[in-house]
file data08.cif (mmCIF, C-alpha atoms)
data_upload
#
loop_
_atom_site.label_atom_id
_atom_site.label_comp_id
_atom_site.auth_asym_id
_atom_site.auth_seq_id
_atom_site.Cartn_x
_atom_site.Cartn_y
_atom_site.Cartn_z
CA MET A 1 80.38 103.11 122.13
CA THR A 2 79.44 103.68 118.51
CA THR A 3 81.86 103.21 115.64
CA VAL A 4 81.30 104.11 111.98
CA ARG A 5 83.35 102.52 109.21
CA ASN A 6 83.35 102.58 105.44
CA ALA A 7 84.30 99.29 103.84
CA ARG A 8 84.73 97.88 100.35
CA GLN A 9 83.59 94.51 99.16
CA GLY A 10 86.27 91.92 99.90
CA SER A 11 87.48 93.54 103.12
CA GLN A 12 86.63 92.56 106.68
CA PRO A 13 86.27 95.51 109.05
CA THR A 14 86.32 94.55 112.70
CA PHE A 15 84.36 96.05 115.58
CA GLY A 16 85.83 94.64 118.78
CA VAL A 17 85.04 90.91 118.72
CA LEU A 18 82.78 91.23 115.67
CA ARG A 19 84.29 90.59 112.24
CA VAL A 20 82.19 91.75 109.30
CA GLY A 21 83.21 90.18 106.01
CA ILE A 22 81.87 92.25 103.11
CA MET A 23 80.98 89.41 100.76
CA ARG A 24 78.87 91.08 98.08
CA VAL A 25 77.54 94.58 97.54
CA GLY A 26 75.34 94.94 94.52
CA LEU A 27 71.99 95.73 92.99
CA VAL A 28 69.31 93.04 93.02
CA ASP A 29 66.40 94.06 90.78
CA GLY A 30 67.54 97.62 91.28
CA THR A 31 67.68 97.39 95.08
CA PRO A 32 71.07 97.83 96.74
CA LEU A 33 71.82 94.89 99.01
CA ALA A 34 74.85 93.74 100.94
CA GLN A 35 75.80 90.20 101.91
CA LEU A 36 77.82 90.17 105.10
CA ALA A 37 79.57 87.43 107.06
CA LEU A 38 79.08 88.28 110.73
CA ARG A 39 81.44 86.37 113.00
CA THR A 40 82.01 86.55 116.73
CA PRO A 41 83.72 84.08 119.06
CA SER A 42 80.34 82.53 119.84
CA ASP A 43 78.46 82.65 116.58
CA GLU A 44 78.52 83.35 112.89
CA ALA A 45 75.93 84.13 110.29
CA VAL A 46 75.84 85.09 106.64
CA VAL A 47 73.13 87.71 106.15
CA VAL A 48 71.74 89.82 103.32
CA LEU A 49 70.73 93.33 104.38
CA ASP A 50 68.98 96.33 102.87
CA GLU A 51 70.26 99.84 103.34
CA GLY A 52 69.02 100.98 106.74
CA ASP A 53 68.75 97.47 108.19
CA ALA A 54 70.16 96.58 111.58
CA PHE A 55 71.30 93.23 112.88
CA GLU A 56 71.50 92.54 116.58
CA LEU A 57 74.16 90.24 117.95
CA ASP A 58 73.31 89.04 121.43
CA GLY A 59 75.68 90.31 124.05
CA VAL A 60 77.85 92.07 121.50
CA GLY A 61 75.93 94.93 119.97
CA THR A 62 73.92 96.07 116.98
CA LEU A 63 75.30 96.49 113.49
CA HIS A 64 73.61 99.06 111.28
CA LEU A 65 74.01 99.10 107.51
CA ASP A 66 73.68 102.85 107.06
CA GLU A 67 74.57 103.14 103.40
CA ILE A 68 75.17 100.93 100.38
CA ARG A 69 76.99 102.22 97.32
CA ALA A 70 76.40 99.71 94.56
CA SER A 71 76.56 99.70 90.77
CA GLU A 72 74.98 97.67 88.00
CA GLY A 73 76.88 94.71 86.68
CA THR A 74 79.15 94.10 89.64
CA VAL A 75 79.12 93.13 93.30
CA ARG A 76 82.13 95.35 94.08
CA GLY A 77 80.32 97.97 96.05
CA GLU A 78 80.99 99.76 99.31
CA VAL A 79 79.09 100.11 102.55
CA THR A 80 78.97 102.33 105.59
CA LEU A 81 78.57 100.37 108.79
CA ARG A 82 77.73 101.69 112.23
CA PHE A 83 78.23 99.45 115.23
CA GLU A 84 76.69 100.14 118.62
CA GLU A 85 78.48 98.13 121.23
CA VAL A 86 76.47 96.66 124.09
CA ASP A 87 76.85 98.85 127.17
CA ASP A 88 77.75 96.58 130.04
CA ALA A 89 76.29 99.15 132.45
CA ASP A 90 72.78 98.71 130.99
CA MET B 1 106.31 121.43 65.65
CA ARG B 2 106.07 120.62 69.34
CA THR B 3 105.50 117.01 70.24
CA MET B 4 103.00 116.42 73.05
CA PHE B 5 103.44 113.56 75.46
CA GLY B 6 100.69 112.61 77.83
CA ALA B 7 97.13 111.45 77.72
CA ASP B 8 93.53 112.51 77.78
CA VAL B 9 92.66 111.43 81.33
CA GLU B 10 88.97 110.92 80.72
CA ALA B 11 89.63 108.93 77.58
CA LEU B 12 92.05 106.67 79.41
CA ALA B 13 89.65 106.13 82.27
CA GLY B 14 86.83 105.44 79.80
CA LEU B 15 88.98 102.97 77.91
CA GLY B 16 89.80 101.23 81.18
CA SER B 17 86.11 100.92 81.98
CA SER B 18 85.51 99.49 78.50
CA PHE B 19 88.16 96.86 79.15
CA VAL B 20 86.44 95.89 82.41
CA GLU B 21 83.03 95.72 80.74
CA SER B 22 84.46 93.62 77.91
CA ALA B 23 86.04 91.25 80.42
CA GLU B 24 82.69 90.86 82.17
CA THR B 25 80.88 90.22 78.88
CA LEU B 26 83.45 87.58 77.98
CA GLU B 27 83.13 86.03 81.41
CA THR B 28 79.36 85.79 81.07
CA ALA B 29 79.82 84.08 77.72
CA ARG B 30 82.39 81.70 79.17
CA ARG B 31 80.03 80.69 81.96
CA GLN B 32 77.17 80.16 79.56
CA VAL B 33 79.24 77.96 77.28
CA ASP B 34 80.56 76.09 80.32
CA GLY B 35 77.03 75.28 81.36
CA ILE B 36 75.95 74.27 77.88
CA VAL B 37 78.97 72.01 77.41
CA ALA B 38 78.33 70.30 80.72
CA SER B 39 74.61 69.78 80.20
CA ALA B 40 74.42 69.03 76.48
CA GLY B 41 72.79 65.69 75.73
CA TRP B 42 75.86 64.19 74.12
CA VAL B 43 77.63 61.10 75.40
CA GLY B 44 80.43 58.89 74.20
CA PRO B 45 84.19 59.15 73.61
CA ASP B 46 83.87 62.09 71.20
CA ALA B 47 81.76 63.98 73.72
CA GLU B 48 84.25 63.30 76.48
CA GLU B 49 87.13 64.42 74.26
CA PHE B 50 85.27 67.63 73.38
CA ARG B 51 84.49 68.37 77.01
CA GLN B 52 88.08 67.76 78.04
CA ASP B 53 89.34 70.03 75.26
CA TRP B 54 86.97 72.74 76.45
CA SER B 55 88.01 72.25 80.05
CA ARG B 56 91.77 72.00 79.52
CA ARG B 57 92.41 74.28 76.57
CA LEU B 58 89.61 76.54 75.50
CA ALA B 59 88.18 77.65 78.86
CA PRO B 60 91.64 78.39 80.33
CA ALA B 61 92.52 80.35 77.17
CA LEU B 62 89.39 82.45 77.65
CA ALA B 63 90.25 82.93 81.31
CA SER B 64 93.73 84.12 80.33
CA CYS B 65 92.17 86.58 77.91
CA LEU B 66 89.92 87.82 80.71
CA GLY B 67 92.91 88.24 82.96
CA ALA B 68 94.73 90.20 80.27
CA LEU B 69 91.74 92.52 79.80
CA ARG B 70 91.55 93.18 83.53
CA ASP B 71 95.32 93.64 83.82
CA ASN B 72 95.29 96.19 81.07
CA ALA B 73 92.27 97.94 82.56
CA GLU B 74 94.32 98.50 85.69
CA VAL B 75 97.30 99.72 83.64
CA LEU B 76 95.02 102.22 81.95
CA ARG B 77 93.60 103.34 85.27
CA ARG B 78 97.05 103.90 86.76
CA ASN B 79 98.23 105.78 83.70
CA ALA B 80 95.16 107.97 83.90
CA GLU B 81 95.83 108.67 87.56
CA ASP B 82 99.48 109.43 86.87
CA GLN B 83 98.48 111.84 84.12
CA ALA B 84 95.94 113.49 86.39
CA ARG B 85 98.59 113.96 89.07
CA THR B 86 101.08 115.29 86.55
CA SER B 87 98.53 117.72 85.15
CA ALA B 88 97.62 118.91 88.64
CA ALA B 89 101.28 119.37 89.55
CA ASP B 90 101.79 121.42 86.39
CA GLY B 91 98.84 123.60 87.38
CA GLY B 92 96.39 121.82 85.12
CA ALA B 93 92.90 120.83 86.16
CA GLY B 94 93.40 117.25 87.34
CA PRO B 95 89.93 115.82 87.49
CA GLY B 96 89.03 113.41 90.23
CA LEU B 97 88.86 109.93 88.81
CA ASP B 98 85.95 107.60 89.17
CA ARG B 99 87.50 104.36 90.29
CA GLY B 100 84.70 102.41 88.66
CA GLY B 101 87.16 100.87 86.23
CA ARG B 102 89.25 99.44 89.06
CA PRO B 103 89.15 95.71 89.30
CA GLY B 104 88.78 95.84 93.04
CA ALA B 105 90.22 94.01 95.99
CA GLY B 106 90.80 90.80 94.11
CA GLY B 107 92.43 92.35 91.11
CA GLY B 108 95.04 95.02 90.79
CA GLY B 109 97.60 95.43 88.14
CA ASP B 110 100.92 96.79 87.21
CA ARG B 111 102.86 97.71 90.34
CA SER B 112 106.23 98.21 88.70
CA GLY B 113 106.06 102.01 88.63
CA ASP B 114 107.53 103.17 91.94
CA GLY B 115 107.67 99.97 93.91
CA GLY B 116 110.47 97.93 95.35
CA LYS B 117 112.29 100.18 97.74
CA ASP B 118 112.61 101.10 101.39
CA ARG B 119 111.39 104.52 102.44
CA PRO B 120 112.11 106.58 105.54
CA GLY B 121 109.52 106.81 108.27
CA ASN B 122 106.15 105.13 108.37
CA PRO B 123 103.88 104.50 105.40
CA ASP B 124 100.80 106.67 105.18
CA LEU B 125 97.96 105.11 107.17
CA SER B 126 95.37 106.23 104.59
CA GLY B 127 92.61 106.13 107.17
CA HIS B 128 93.46 102.65 108.43
CA GLY B 129 94.87 103.84 111.73
CA PRO B 130 95.69 104.56 114.40
CA TRP B 131 99.04 102.88 114.94
CA VAL B 132 99.19 99.83 117.18
CA ASP B 133 102.44 98.88 118.86
CA VAL B 134 104.02 95.58 117.87
CA PRO B 135 105.00 93.58 120.97
CA PRO B 136 108.72 93.08 121.59
CA THR B 137 108.41 89.42 120.61
CA ILE B 138 106.33 88.01 117.76
CA PRO B 139 105.82 84.25 117.52
CA LEU B 140 107.39 82.81 114.39
CA ASP B 141 106.99 79.10 115.08
CA ASP B 142 105.18 76.89 112.57
CA ALA B 143 101.90 77.21 114.48
CA ALA B 144 102.04 81.02 114.31
CA LEU B 145 102.86 80.87 110.59
CA ASP B 146 99.89 78.63 109.82
CA PRO B 147 97.79 80.40 107.18
CA ASN B 148 94.72 80.04 109.39
CA MET B 149 96.36 82.58 111.71
CA ILE B 150 95.92 85.32 109.12
CA ASN B 151 93.00 87.63 109.90
CA GLN B 152 92.48 90.25 107.17
CA GLN B 153 90.68 93.39 108.29
CA GLY B 154 89.67 96.60 106.57
CA LEU B 155 92.37 96.70 103.89
CA GLY B 156 91.65 95.23 100.47
CA ASP B 157 94.89 93.25 100.47
CA CYS B 158 93.56 89.72 100.23
CA TRP B 159 95.86 89.23 97.23
CA LEU B 160 98.93 89.95 99.38
CA LEU B 161 97.75 87.93 102.38
CA ALA B 162 96.83 84.96 100.21
CA GLY B 163 100.33 85.08 98.73
CA LEU B 164 101.92 85.36 102.17
CA GLY B 165 99.78 82.58 103.59
CA ALA B 166 100.53 80.28 100.67
CA VAL B 167 104.29 80.84 101.01
CA ALA B 168 104.14 80.37 104.79
CA ARG B 169 102.18 77.16 104.35
CA ASP B 170 104.70 75.81 101.86
CA ASP B 171 107.89 76.92 103.62
CA PRO B 172 107.52 78.61 107.04
CA GLN B 173 111.29 78.68 107.42
CA PHE B 174 111.49 80.98 104.39
CA ILE B 175 109.38 83.53 106.23
CA ARG B 176 111.53 83.24 109.34
CA ASP B 177 114.67 83.67 107.21
CA HIS B 178 113.24 86.84 105.64
CA MET B 179 112.30 88.70 108.82
CA ARG B 180 114.85 90.14 111.24
CA LEU B 181 114.25 91.90 114.55
CA ASN B 182 116.85 94.64 114.92
CA ALA B 183 118.47 95.81 118.15
CA ASP B 184 116.55 99.09 118.00
CA GLY B 185 113.22 97.27 117.90
CA THR B 186 112.59 97.78 114.19
CA TRP B 187 111.97 94.87 111.84
CA THR B 188 113.71 94.30 108.53
CA VAL B 189 111.82 92.30 105.94
CA THR B 190 113.65 91.07 102.86
CA MET B 191 111.46 91.35 99.80
CA TYR B 192 112.43 91.18 96.13
CA LYS B 193 112.36 93.47 93.13
CA ASP B 194 112.92 91.80 89.75
CA GLY B 195 114.48 88.87 91.60
CA ASP B 196 116.95 90.97 93.61
CA PRO B 197 116.60 91.28 97.41
CA VAL B 198 115.36 94.55 98.83
CA GLU B 199 115.47 95.13 102.58
CA ILE B 200 112.51 97.04 103.97
CA THR B 201 112.88 98.26 107.57
CA VAL B 202 109.74 99.14 109.49
CA GLU B 203 109.07 100.70 112.88
CA PRO B 204 107.41 98.36 115.43
CA GLU B 205 103.90 99.75 114.96
CA VAL B 206 101.27 98.70 112.46
CA ALA B 207 97.92 99.94 111.20
CA GLN B 208 95.07 99.04 113.53
CA ASP B 209 92.93 98.17 110.50
CA GLY B 210 95.60 95.92 109.03
CA VAL B 211 95.99 92.18 109.28
CA MET B 212 96.18 90.71 112.77
CA ASP B 213 96.21 87.26 114.34
CA PRO B 214 92.89 85.67 115.36
CA SER B 215 93.16 87.33 118.79
CA GLY B 216 93.39 90.75 117.20
CA ASN B 217 97.09 91.19 117.94
CA PRO B 218 99.88 92.19 115.54
CA SER B 219 101.59 89.21 113.97
CA TRP B 220 104.34 88.40 111.51
CA ALA B 221 101.80 89.09 108.74
CA SER B 222 101.21 92.59 110.15
CA ILE B 223 104.92 93.34 109.82
CA TYR B 224 105.07 91.95 106.29
CA GLU B 225 101.97 93.96 105.38
CA LYS B 226 103.56 97.19 106.58
CA ALA B 227 106.74 96.37 104.69
CA ALA B 228 104.62 95.76 101.59
CA ALA B 229 102.93 99.15 102.00
CA GLU B 230 106.37 100.79 102.02
CA TYR B 231 107.63 98.61 99.19
CA TRP B 232 104.69 99.44 96.91
CA GLY B 233 104.59 103.17 97.31
CA GLY B 234 104.70 104.30 100.94
CA SER B 235 101.01 104.11 101.78
CA TYR B 236 98.64 101.44 103.01
CA ASP B 237 96.41 102.49 100.11
CA ASP B 238 99.12 101.22 97.76
CA ILE B 239 98.32 97.63 98.74
CA ASP B 240 94.56 98.06 98.44
CA GLY B 241 93.86 95.80 95.47
CA GLY B 242 96.31 93.60 93.61
CA TYR B 243 97.20 90.20 92.21
CA SER B 244 98.70 87.33 94.16
CA SER B 245 101.25 86.86 91.36
CA ASP B 246 102.68 90.28 92.29
CA ALA B 247 102.74 89.16 95.92
CA PHE B 248 104.59 85.95 95.06
CA ALA B 249 107.22 87.80 93.02
CA ALA B 250 107.85 90.38 95.74
CA ILE B 251 107.89 87.84 98.58
CA THR B 252 109.98 85.09 97.00
CA GLY B 253 111.90 86.71 94.17
CA ALA B 254 110.87 83.88 91.86
CA THR B 255 108.84 84.20 88.66
CA PRO B 256 105.18 83.47 89.35
CA SER B 257 102.59 82.11 86.96
CA LYS B 258 99.00 83.23 86.46
CA THR B 259 96.63 80.95 84.58
CA GLY B 260 93.00 79.95 84.30
CA GLU B 261 91.48 77.70 86.91
CA GLY B 262 91.94 74.40 85.02
CA ASN B 263 90.81 71.33 86.94
CA LEU B 264 91.59 69.95 90.38
CA SER B 265 94.05 67.38 89.07
CA ASP B 266 96.08 70.22 87.55
CA LEU B 267 95.75 72.19 90.76
CA LYS B 268 97.04 69.27 92.78
CA ASP B 269 100.12 69.10 90.56
CA ARG B 270 100.71 72.84 90.94
CA LEU B 271 100.42 72.62 94.72
CA ALA B 272 103.05 69.89 94.78
CA ASP B 273 105.46 72.31 93.09
CA GLY B 274 104.99 75.25 95.45
CA PRO B 275 102.63 77.85 96.89
CA VAL B 276 99.31 78.39 95.14
CA ALA B 277 96.66 81.08 95.56
CA LEU B 278 93.35 81.42 93.77
CA GLY B 279 91.41 84.40 92.50
CA THR B 280 87.63 84.57 92.33
CA GLU B 281 85.55 86.27 89.71
CA ASP B 282 83.36 89.32 89.86
CA GLU B 283 79.66 88.67 89.40
CA PRO B 284 77.76 90.78 86.88
CA SER B 285 74.50 89.89 88.59
CA TRP B 286 73.53 88.57 91.97
CA TRP B 287 70.54 86.70 93.28
CA PRO B 288 70.95 86.15 97.02
CA PHE B 289 67.77 84.21 97.56
CA GLY B 290 68.55 80.99 95.70
CA ASP B 291 69.01 77.46 96.99
CA GLU B 292 72.70 77.11 96.19
CA VAL B 293 73.87 78.09 99.67
CA ASP B 294 77.27 76.52 99.21
CA ASP B 295 78.17 78.80 96.31
CA SER B 296 77.32 81.91 98.27
CA ARG B 297 80.10 81.12 100.76
CA VAL B 298 82.80 82.00 98.23
CA VAL B 299 83.59 85.72 98.14
CA PRO B 300 83.86 87.30 94.67
CA ASN B 301 86.82 89.54 93.74
CA HIS B 302 88.84 87.82 96.41
CA ALA B 303 91.95 85.71 96.84
CA TYR B 304 92.27 82.40 98.67
CA ILE B 305 95.11 80.17 99.82
CA VAL B 306 95.12 76.63 98.46
CA ASP B 307 95.74 74.27 101.35
CA LYS B 308 95.04 70.77 100.00
CA VAL B 309 93.72 68.87 97.01
CA GLU B 310 92.75 65.34 97.90
CA GLU B 311 90.13 62.63 97.62
CA ARG B 312 87.18 63.02 99.94
CA ASP B 313 83.91 61.12 99.76
CA GLY B 314 85.06 59.44 96.56
CA GLU B 315 85.94 62.58 94.62
CA LEU B 316 88.76 65.03 94.31
CA LYS B 317 88.18 68.19 96.37
CA VAL B 318 90.13 71.31 97.17
CA HIS B 319 90.49 72.91 100.60
CA VAL B 320 90.84 76.69 100.41
CA ILE B 321 91.53 79.17 103.20
CA ASN B 322 90.07 82.67 103.21
CA PRO B 323 92.54 85.34 104.43
CA TRP B 324 89.65 86.58 106.56
CA GLY B 325 90.59 83.83 108.95
CA PRO B 326 88.72 80.86 110.33
CA GLY B 327 85.58 81.18 112.40
CA ALA B 328 85.02 79.56 115.75
CA HIS B 329 82.26 77.30 114.53
CA LEU B 330 82.37 74.40 112.14
CA GLN B 331 79.76 73.25 109.67
CA ASN B 332 78.74 69.68 108.96
CA ASP B 333 81.57 69.12 106.48
CA GLY B 334 84.14 70.30 109.02
CA SER B 335 84.57 73.73 107.47
CA ASP B 336 83.38 77.15 108.52
CA LYS B 337 80.85 79.15 106.60
CA VAL B 338 83.38 81.50 105.04
CA GLY B 339 86.75 81.00 106.76
CA ASP B 340 87.67 77.84 104.92
CA MET B 341 85.87 75.33 102.76
CA TRP B 342 86.12 72.07 100.89
CA LEU B 343 84.92 72.43 97.30
CA THR B 344 84.07 69.91 94.64
CA GLU B 345 85.49 70.28 91.14
CA LYS B 346 82.21 71.78 89.95
CA GLN B 347 82.12 74.33 92.79
CA TYR B 348 85.77 75.15 92.24
CA LYS B 349 85.28 75.84 88.53
CA GLU B 350 82.13 77.87 89.10
CA ASN B 351 83.75 80.22 91.58
CA PHE B 352 87.43 80.60 90.73
CA ASP B 353 88.94 81.92 87.54
CA THR B 354 92.65 82.32 88.22
CA VAL B 355 95.45 80.21 89.65
CA TYR B 356 98.54 82.00 90.92
CA ALA B 357 101.58 79.84 91.59
CA VAL B 358 105.29 80.20 92.21
CA PRO B 359 108.09 77.63 92.55
CA SER B 360 108.65 76.40 96.07
CA THR B 361 111.37 78.08 98.10
CA ARG B 362 112.18 74.83 99.92
#
call {"tool": "encode", "arguments": {"input": "data08.cif", "output": "structure tokens"}}
result
Amino acid sequence: MTTVRNARQGSQPTFGVLRVGIMRVGLVDGTPLAQLALRTPSDEAVVVLDEGDAFELDGVGTLHLDEIRASEGTVRGEVTLRFEEVDDAD
Amino acid sequence: MRTMFGADVEALAGLGSSFVESAETLETARRQVDGIVASAGWVGPDAEEFRQDWSRRLAPALASCLGALRDNAEVLRRNAEDQARTSAADGGAGPGLDRGGRPGAGGGGDRSGDGGKDRPGNPDLSGHGPWVDVPPTIPLDDAALDPNMINQQGLGDCWLLAGLGAVARDDPQFIRDHMRLNADGTWTVTMYKDGDPVEITVEPEVAQDGVMDPSGNPSWASIYEKAAAEYWGGSYDDIDGGYSSDAFAAITGATPSKTGEGNLSDLKDRLADGPVALGTEDEPSWWPFGDEVDDSRVVPNHAYIVDKVEERDGELKVHVINPWGPGAHLQNDGSDKVGDMWLTEKQYKENFDTVYAVPSTR
């Protein structure tokens, strides 16, 4: 199952067991980046991703950072996340 | 001669953005001076006195000024939106507003316009649905009311959840006394408007994207959150962004305070007097590849619950709880990466700019 969510910095959208804390969304030397806190019952990681990046969480699924909407002078941006849940049938 | 009342929407929105930019410029200056004061090669009693004066008087005064600029930016934004709605209702061309001047999830503003009353039916989900049924029984024991049981999700209501968590930590019985399960399955939450109680009755279903317990189930906080959405305008969007001082006033009915971060000794005194929440700053620039990993754990434009201020490893430290909820894994200092953390005085001052407090309800 694939789920798409828009989320603002400071919120924590959840995809099943995966919590995605939107820590910072801003421009770094002109490049939009997002810092996310990825937390599951078995692991957690703080990652910095580019637009278009994907992060695989073993046994849980793959999180795609489809879009970053960031502005100069602030880290209050927004992101579009797409989560592909692991198919137990695979 | 006819007298016109109203506003130029674009001008208001532009003025609001100017206030935000000015606040950020002032914040940058404050940080720079903070660093210079701390690192200047000046020792002795006079130096110590100067540094203390900066820390206790001047820096908090600047922080208050920053807060006032941001507060007023939000007032301007809301007035611009109101004017746009009014113009549209009158058949005028209400332009869509760029919410770039909005302080964001950690900052909100004046909520006195249409707030403080019960409304029929459910609040508008505003895209945070679907509805999730609340179980017939919700645990309200002290363990369930522990602030670590709060798990914020897709709503930008950290300010509300930090306020709720701080009150629950200080006086869980207060929360129990202000929630009532009715015979028809609805819940009535007693909130306050200008110090007077206001009963908000909600159906036993909550937004799926709203706050839950760590297992992902509706909790007492979910019910309070829904009541807050009704209280503040009838939509979950109405609680997207705000100040914990507003949360404290609406939850407890008491007069809250909102000040600069001060030092940890001051914070400890405040915590002894009642619930305390903290606000973090926006960051005008960001460099995610530095060595200061600890600082990157604190979320900007966010609100935290103050849990403890005590001596650890020979220095005063503060334990803060993120409304995002704890993680399942601890770090070397016993805290999670982002769910909760112990901070030194230096880390505290570098990351937080506002202390929200309210007298205890005990």
call {"tool": "closest_atom_pairs", "arguments": {"input": "data08.cif", "of": "chain B", "to": "chain A", "cutoff": "7 Å", "atoms": "all atoms listed in the file", "output": "CSV"}}
result
residue,atom,partner,partner_atom,distance
B:Gly104,CA,A:Arg76,CA,6.7
B:Ala105,CA,A:Gly10,CA,5.9
B:Gln152,CA,A:Gln12,CA,6.3
B:Gln153,CA,A:Gln12,CA,4.4
B:Gly154,CA,A:Pro13,CA,4.3
B:Leu155,CA,A:Ser11,CA,5.9
B:Gly156,CA,A:Ser11,CA,5.2
B:Asp282,CA,A:Thr74,CA,6.4
B:Glu283,CA,A:Thr74,CA,5.5
B:Pro284,CA,A:Gly73,CA,4.0
B:Ser285,CA,A:Gly73,CA,5.7
B:Trp286,CA,A:Val28,CA,6.2
B:Trp287,CA,A:Val28,CA,6.5
B:Val299,CA,A:Met23,CA,5.2
B:Asn301,CA,A:Gly10,CA,6.6
B:His302,CA,A:Gly10,CA,6.0
B:Trp324,CA,A:Gln12,CA,6.7
B:Gly327,CA,A:Arg39,CA,6.7
B:Ala328,CA,A:Pro41,CA,5.8
B:His329,CA,A:Asp43,CA,6.9
call {"tool": "resolve_selection", "arguments": {"input": "data08.cif", "expression": "the PyMOL selection byres ((chain B and resi 251) around 12)", "output": "PyMOL selection string"}}
result
chain B and resi 116+160-168+174-175+177-179+189-200+221+224-225+227-228+231+244-250+252-256+275+358-361
call {"tool": "resolve_selection", "arguments": {"input": "data08.cif", "expression": "the PyMOL selection byres ((chain A and resi 57-68) around 8)", "output": "list in words"}}
result
Val17, Leu18, Val25, Pro32, Leu33, Ala34, Leu49, Asp50, Glu51, Gly52, Asp53, Ala54, Phe55, Glu56, Arg69, Ala70, Gly77, Glu78, Val79, Thr80, Leu81, Arg82, Phe83, Glu84, Glu85 and Val86 of chain A
call {"tool": "closest_residue", "arguments": {"input": "data08.cif", "among": "B:Gly185, B:Gly115, B:Pro326, B:Pro120", "to": "Thr137 (chain B)", "atoms": "all atoms listed in the file"}}
result
B:Gly185
call {"tool": "atom_distance", "arguments": {"input": "data08.cif", "atom1": "CA of Gly129 (chain B)", "atom2": "CA of Val4 (chain A)"}}
result
13.6 Å
